[in-house]
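Accompanying notes for the structure given below.
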Amino acid sequence: QLSTLTITQATRVLRSVFSFPNPVNEVAARSVAGMVVALTLAIIFTGQPWLMILLAYGFLARVAAGPTLSPMGLLATRVLAPRIAEDRPVPGPPKRFAQTVGLIFSVTALALYYVAGSMAAAQGVLAILVIFASLEAFVGFCAGCFVFNRLMAWGLIPQSVCEECRAFAA
């Protein structure tokens with residue numbers, strides 16, 4: 001019985017760590033986007049490829065576990081957002097989709113540099129990431145969320161995910 005209890009507790013802990021919040025605090029999401037802009041610009045202007053690993057890790061951590069394993073996510077949710085404004089809850093699934101798109105961009109940049117050997121191509125991909133992260137951070141427009149909502153309207157997002165967003169919006 002002790003091992004069953006331990007397995008149950010371990011499963012509960014893993015689920016709490018590896019889950020994406022729903023709802024998400026819009027203020028924290030925009031704060032993370034601002035940090036992504038800063039880090040990505042640092043990569044572009046310094047040409048330090050190892051920073052791309054940090055960028056990709058951050059996106060991977062946020063996709064897999066929300067803010068719990070992401071230094072940027074933790075800084076945004078625990079320090080910055082509470083000092084900037086009151087929580088503004090928004091549905092989580094579109095934000096997770098947007099983080100997945102960021103992960104794809106950052107991993108593409110890594111591959112362009114480390115596999116194809118082209119820092120210029122990696123910087124080009126990162127420049128696009130800066131544009132979209134800047135829209136989120138400074139204008140409040142989440143392009144990934146926009147695409148997610150279009151996919152949902154076209155029926156390309158599973159009904160269970162749609163219900164999560166609709167339940168929150170109600």
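By convention in this document, the chains of the structure tokens carry letters A, B, ... by their order, each chain's residues are numbered from 1, and ligands are numbered from 1 in the order they are shown.
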Determine, using only C-alpha atoms, which residues of segment 66-113 of chain A have any atom at most 8 Å from an atom of segment 128-146 of chain A, and tabulate each with its shortest atom pair and distance in Å to one decimal place, rows ordered by chain and then rising number, as a Markdown table.
```
| residue | atom | partner | partner_atom | distance |
| --- | --- | --- | --- | --- |
| A:Pro94 | CA | A:Cys145 | CA | 4.6 |
| A:Lys95 | CA | A:Cys145 | CA | 6.1 |
| A:Phe97 | CA | A:Gly144 | CA | 6.3 |
| A:Ala98 | CA | A:Gly144 | CA | 4.1 |
| A:Gln99 | CA | A:Gly144 | CA | 7.9 |
| A:Val101 | CA | A:Gly144 | CA | 6.9 |
| A:Gly102 | CA | A:Leu129 | CA | 7.0 |
| A:Phe105 | CA | A:Leu129 | CA | 6.8 |
```
Run DSSP on the backbone and tell me which residues of segment 13-146 of chain A come out as alpha helix (DSSP H); list them as a ChimeraX atom specification.
/A:13-17,26-46,50-65,71-75,81-84,92-114,119-134,143-146
Tell me, as a PDB file with N, CA, C and O atoms, in the first residue's frame, which residues lie within 9 Å of segment 27-44 of chain A, counting only C-alpha atoms; anything in the same chain fewer than 5 positions away does not count.
```pdb
ATOM      1  N   PRO A  49      25.563  31.906 -30.348  1.00  0.00           N
ATOM      2  CA  PRO A  49      24.625  30.815 -30.638  1.00  0.00           C
ATOM      3  C   PRO A  49      24.140  30.063 -29.407  1.00  0.00           C
ATOM      4  O   PRO A  49      23.028  29.540 -29.407  1.00  0.00           O
ATOM      5  N   TRP A  50      24.932  30.026 -28.335  1.00  0.00           N
ATOM      6  CA  TRP A  50      24.500  29.287 -27.153  1.00  0.00           C
ATOM      7  C   TRP A  50      23.237  29.883 -26.538  1.00  0.00           C
ATOM      8  O   TRP A  50      22.474  29.185 -25.862  1.00  0.00           O
ATOM      9  N   LEU A  51      22.997  31.177 -26.796  1.00  0.00           N
ATOM     10  CA  LEU A  51      21.771  31.796 -26.288  1.00  0.00           C
ATOM     11  C   LEU A  51      20.526  31.209 -26.957  1.00  0.00           C
ATOM     12  O   LEU A  51      19.445  31.219 -26.370  1.00  0.00           O
ATOM     13  N   MET A  52      20.689  30.683 -28.177  1.00  0.00           N
ATOM     14  CA  MET A  52      19.552  30.035 -28.846  1.00  0.00           C
ATOM     15  C   MET A  52      19.097  28.797 -28.078  1.00  0.00           C
ATOM     16  O   MET A  52      17.920  28.456 -28.087  1.00  0.00           O
ATOM     17  N   LEU A  54      19.138  28.513 -24.811  1.00  0.00           N
ATOM     18  CA  LEU A  54      18.304  29.030 -23.713  1.00  0.00           C
ATOM     19  C   LEU A  54      16.915  29.407 -24.213  1.00  0.00           C
ATOM     20  O   LEU A  54      15.911  29.133 -23.548  1.00  0.00           O
ATOM     21  N   LEU A  55      16.864  30.044 -25.380  1.00  0.00           N
ATOM     22  CA  LEU A  55      15.581  30.441 -25.961  1.00  0.00           C
ATOM     23  C   LEU A  55      14.711  29.215 -26.238  1.00  0.00           C
ATOM     24  O   LEU A  55      13.537  29.174 -25.846  1.00  0.00           O
ATOM     25  N   GLY A  58      13.450  27.578 -23.062  1.00  0.00           N
ATOM     26  CA  GLY A  58      12.341  28.327 -22.467  1.00  0.00           C
ATOM     27  C   GLY A  58      11.016  27.994 -23.121  1.00  0.00           C
ATOM     28  O   GLY A  58      10.008  27.767 -22.442  1.00  0.00           O
ATOM     29  N   MET A  72      11.822  32.400 -17.401  1.00  0.00           N
ATOM     30  CA  MET A  72      11.049  33.577 -17.836  1.00  0.00           C
ATOM     31  C   MET A  72       9.614  33.488 -17.328  1.00  0.00           C
ATOM     32  O   MET A  72       9.042  34.483 -16.887  1.00  0.00           O
ATOM     33  N   GLY A  73       9.038  32.302 -17.404  1.00  0.00           N
ATOM     34  CA  GLY A  73       7.669  32.110 -16.937  1.00  0.00           C
ATOM     35  C   GLY A  73       7.531  32.374 -15.445  1.00  0.00           C
ATOM     36  O   GLY A  73       6.579  33.024 -15.001  1.00  0.00           O
ATOM     37  N   LEU A  75       9.593  34.230 -13.562  1.00  0.00           N
ATOM     38  CA  LEU A  75       9.819  35.655 -13.330  1.00  0.00           C
ATOM     39  C   LEU A  75       8.565  36.462 -13.681  1.00  0.00           C
ATOM     40  O   LEU A  75       8.155  37.354 -12.943  1.00  0.00           O
ATOM     41  N   ALA A  76       7.939  36.107 -14.790  1.00  0.00           N
ATOM     42  CA  ALA A  76       6.743  36.832 -15.225  1.00  0.00           C
ATOM     43  C   ALA A  76       5.576  36.622 -14.277  1.00  0.00           C
ATOM     44  O   ALA A  76       4.895  37.582 -13.906  1.00  0.00           O
ATOM     45  N   THR A  77       5.319  35.361 -13.886  1.00  0.00           N
ATOM     46  CA  THR A  77       4.136  35.079 -13.065  1.00  0.00           C
ATOM     47  C   THR A  77       4.309  35.454 -11.604  1.00  0.00           C
ATOM     48  O   THR A  77       3.346  35.849 -10.948  1.00  0.00           O
ATOM     49  N   ARG A  78       5.531  35.331 -11.094  1.00  0.00           N
ATOM     50  CA  ARG A  78       5.725  35.545  -9.660  1.00  0.00           C
ATOM     51  C   ARG A  78       6.235  36.934  -9.292  1.00  0.00           C
ATOM     52  O   ARG A  78       6.018  37.382  -8.171  1.00  0.00           O
ATOM     53  N   LEU A  80       7.000  39.910 -12.043  1.00  0.00           N
ATOM     54  CA  LEU A  80       6.618  41.042 -12.899  1.00  0.00           C
ATOM     55  C   LEU A  80       5.112  41.292 -12.948  1.00  0.00           C
ATOM     56  O   LEU A  80       4.668  42.404 -12.664  1.00  0.00           O
ATOM     57  N   ALA A  81       4.349  40.301 -13.349  1.00  0.00           N
ATOM     58  CA  ALA A  81       2.903  40.497 -13.538  1.00  0.00           C
ATOM     59  C   ALA A  81       2.202  41.032 -12.289  1.00  0.00           C
ATOM     60  O   ALA A  81       1.397  41.961 -12.397  1.00  0.00           O
ATOM     61  N   PRO A  82       2.485  40.490 -11.105  1.00  0.00           N
ATOM     62  CA  PRO A  82       1.801  41.033  -9.922  1.00  0.00           C
ATOM     63  C   PRO A  82       2.118  42.505  -9.661  1.00  0.00           C
ATOM     64  O   PRO A  82       1.327  43.214  -9.050  1.00  0.00           O
ATOM     65  N   ILE A  84       2.826  44.722 -12.193  1.00  0.00           N
ATOM     66  CA  ILE A  84       2.442  45.532 -13.354  1.00  0.00           C
ATOM     67  C   ILE A  84       0.956  45.873 -13.329  1.00  0.00           C
ATOM     68  O   ILE A  84       0.571  47.030 -13.494  1.00  0.00           O
ATOM     69  N   ALA A  85       0.113  44.854 -13.171  1.00  0.00           N
ATOM     70  CA  ALA A  85      -1.338  45.083 -13.237  1.00  0.00           C
ATOM     71  C   ALA A  85      -2.062  43.888 -12.620  1.00  0.00           C
ATOM     72  O   ALA A  85      -1.460  42.851 -12.356  1.00  0.00           O
ATOM     73  N   GLU A  86      -3.369  44.052 -12.430  1.00  0.00           N
ATOM     74  CA  GLU A  86      -4.193  42.942 -11.959  1.00  0.00           C
ATOM     75  C   GLU A  86      -4.229  41.845 -13.017  1.00  0.00           C
ATOM     76  O   GLU A  86      -4.060  42.121 -14.204  1.00  0.00           O
ATOM     77  N   ASP A  87      -4.487  40.630 -12.557  1.00  0.00           N
ATOM     78  CA  ASP A  87      -4.604  39.503 -13.492  1.00  0.00           C
ATOM     79  C   ASP A  87      -5.648  39.792 -14.555  1.00  0.00           C
ATOM     80  O   ASP A  87      -6.706  40.344 -14.249  1.00  0.00           O
ATOM     81  N   ARG A  88      -5.331  39.424 -15.782  1.00  0.00           N
ATOM     82  CA  ARG A  88      -6.296  39.466 -16.881  1.00  0.00           C
ATOM     83  C   ARG A  88      -6.353  38.067 -17.468  1.00  0.00           C
ATOM     84  O   ARG A  88      -5.557  37.716 -18.338  1.00  0.00           O
ATOM     85  N   PRO A  89      -7.269  37.235 -16.980  1.00  0.00           N
ATOM     86  CA  PRO A  89      -7.307  35.847 -17.436  1.00  0.00           C
ATOM     87  C   PRO A  89      -7.790  35.710 -18.882  1.00  0.00           C
ATOM     88  O   PRO A  89      -8.729  36.376 -19.306  1.00  0.00           O
ATOM     89  N   LYS A  95      -2.689  30.142 -25.936  1.00  0.00           N
ATOM     90  CA  LYS A  95      -1.360  30.577 -25.499  1.00  0.00           C
ATOM     91  C   LYS A  95      -0.361  29.426 -25.602  1.00  0.00           C
ATOM     92  O   LYS A  95       0.794  29.633 -25.961  1.00  0.00           O
ATOM     93  N   MET A 119      24.517  31.132 -39.490  1.00  0.00           N
ATOM     94  CA  MET A 119      24.033  32.077 -38.480  1.00  0.00           C
ATOM     95  C   MET A 119      23.099  33.101 -39.120  1.00  0.00           C
ATOM     96  O   MET A 119      22.118  33.508 -38.510  1.00  0.00           O
ATOM     97  N   ALA A 120      23.368  33.494 -40.354  1.00  0.00           N
ATOM     98  CA  ALA A 120      22.518  34.483 -41.024  1.00  0.00           C
ATOM     99  C   ALA A 120      21.092  33.953 -41.182  1.00  0.00           C
ATOM    100  O   ALA A 120      20.127  34.672 -40.932  1.00  0.00           O
ATOM    101  N   ALA A 122      19.693  31.589 -39.343  1.00  0.00           N
ATOM    102  CA  ALA A 122      19.134  31.495 -37.990  1.00  0.00           C
ATOM    103  C   ALA A 122      18.664  32.871 -37.527  1.00  0.00           C
ATOM    104  O   ALA A 122      17.575  33.008 -36.963  1.00  0.00           O
ATOM    105  N   GLN A 123      19.461  33.895 -37.779  1.00  0.00           N
ATOM    106  CA  GLN A 123      19.079  35.248 -37.381  1.00  0.00           C
ATOM    107  C   GLN A 123      17.842  35.724 -38.139  1.00  0.00           C
ATOM    108  O   GLN A 123      17.027  36.458 -37.582  1.00  0.00           O
ATOM    109  N   GLY A 124      17.692  35.298 -39.373  1.00  0.00           N
ATOM    110  CA  GLY A 124      16.488  35.652 -40.134  1.00  0.00           C
ATOM    111  C   GLY A 124      15.237  35.070 -39.505  1.00  0.00           C
ATOM    112  O   GLY A 124      14.219  35.760 -39.363  1.00  0.00           O
ATOM    113  N   LEU A 126      14.963  34.183 -36.387  1.00  0.00           N
ATOM    114  CA  LEU A 126      14.804  34.857 -35.102  1.00  0.00           C
ATOM    115  C   LEU A 126      14.225  36.258 -35.266  1.00  0.00           C
ATOM    116  O   LEU A 126      13.474  36.731 -34.403  1.00  0.00           O
ATOM    117  N   ALA A 127      14.547  36.925 -36.360  1.00  0.00           N
ATOM    118  CA  ALA A 127      13.979  38.257 -36.608  1.00  0.00           C
ATOM    119  C   ALA A 127      12.459  38.169 -36.751  1.00  0.00           C
ATOM    120  O   ALA A 127      11.733  39.035 -36.252  1.00  0.00           O
ATOM    121  N   LEU A 129      10.626  35.885 -35.323  1.00  0.00           N
ATOM    122  CA  LEU A 129      10.166  35.637 -33.954  1.00  0.00           C
ATOM    123  C   LEU A 129      10.086  36.949 -33.170  1.00  0.00           C
ATOM    124  O   LEU A 129       9.135  37.169 -32.417  1.00  0.00           O
ATOM    125  N   VAL A 130      11.064  37.829 -33.351  1.00  0.00           N
ATOM    126  CA  VAL A 130      11.048  39.132 -32.659  1.00  0.00           C
ATOM    127  C   VAL A 130       9.803  39.925 -33.042  1.00  0.00           C
ATOM    128  O   VAL A 130       9.163  40.541 -32.189  1.00  0.00           O
ATOM    129  N   ILE A 131       9.453  39.893 -34.316  1.00  0.00           N
ATOM    130  CA  ILE A 131       8.271  40.641 -34.772  1.00  0.00           C
ATOM    131  C   ILE A 131       7.020  40.147 -34.053  1.00  0.00           C
ATOM    132  O   ILE A 131       6.258  40.934 -33.485  1.00  0.00           O
ATOM    133  N   PHE A 132       6.816  38.827 -34.051  1.00  0.00           N
ATOM    134  CA  PHE A 132       5.602  38.290 -33.442  1.00  0.00           C
ATOM    135  C   PHE A 132       5.606  38.408 -31.921  1.00  0.00           C
ATOM    136  O   PHE A 132       4.570  38.708 -31.322  1.00  0.00           O
ATOM    137  N   ALA A 133       6.765  38.220 -31.288  1.00  0.00           N
ATOM    138  CA  ALA A 133       6.830  38.392 -29.824  1.00  0.00           C
ATOM    139  C   ALA A 133       6.621  39.863 -29.451  1.00  0.00           C
ATOM    140  O   ALA A 133       5.995  40.157 -28.432  1.00  0.00           O
ATOM    141  N   SER A 134       7.099  40.778 -30.293  1.00  0.00           N
ATOM    142  CA  SER A 134       6.886  42.208 -30.049  1.00  0.00           C
ATOM    143  C   SER A 134       5.411  42.577 -30.156  1.00  0.00           C
ATOM    144  O   SER A 134       4.906  43.392 -29.370  1.00  0.00           O
ATOM    145  N   LEU A 135       4.720  41.985 -31.127  1.00  0.00           N
ATOM    146  CA  LEU A 135       3.279  42.233 -31.242  1.00  0.00           C
ATOM    147  C   LEU A 135       2.559  41.822 -29.966  1.00  0.00           C
ATOM    148  O   LEU A 135       1.680  42.540 -29.475  1.00  0.00           O
ATOM    149  N   GLU A 136       2.941  40.674 -29.416  1.00  0.00           N
ATOM    150  CA  GLU A 136       2.331  40.200 -28.171  1.00  0.00           C
ATOM    151  C   GLU A 136       2.705  41.121 -27.008  1.00  0.00           C
ATOM    152  O   GLU A 136       1.851  41.574 -26.254  1.00  0.00           O
ATOM    153  N   ALA A 137       3.995  41.389 -26.870  1.00  0.00           N
ATOM    154  CA  ALA A 137       4.480  42.137 -25.708  1.00  0.00           C
ATOM    155  C   ALA A 137       4.005  43.585 -25.688  1.00  0.00           C
ATOM    156  O   ALA A 137       3.590  44.085 -24.640  1.00  0.00           O
ATOM    157  N   PHE A 138       4.071  44.260 -26.830  1.00  0.00           N
ATOM    158  CA  PHE A 138       3.872  45.708 -26.840  1.00  0.00           C
ATOM    159  C   PHE A 138       2.517  46.165 -27.367  1.00  0.00           C
ATOM    160  O   PHE A 138       2.086  47.274 -27.079  1.00  0.00           O
ATOM    161  N   GLY A 140      -0.229  43.663 -27.612  1.00  0.00           N
ATOM    162  CA  GLY A 140      -1.251  42.778 -27.061  1.00  0.00           C
ATOM    163  C   GLY A 140      -1.898  41.887 -28.099  1.00  0.00           C
ATOM    164  O   GLY A 140      -2.940  41.288 -27.844  1.00  0.00           O
TER     165      GLY A 140
END
```
Would you pick out the contacts of segment 13-21 of chain A at 6 Å or less, using only C-alpha atoms, so that residues sharing its chain but fewer than 2 positions from it are not included, and give the list as a list in words?
Ala10, Thr11, Pro23, Val24, Ala64, Ala65, Gly66 and Gly92 of chain A
Residues of segment 6-170 of chain A classed as strand (DSSP E or B) by DSSP on the backbone are to be reported as number ranges by chain.
A: 24-25, 89-90
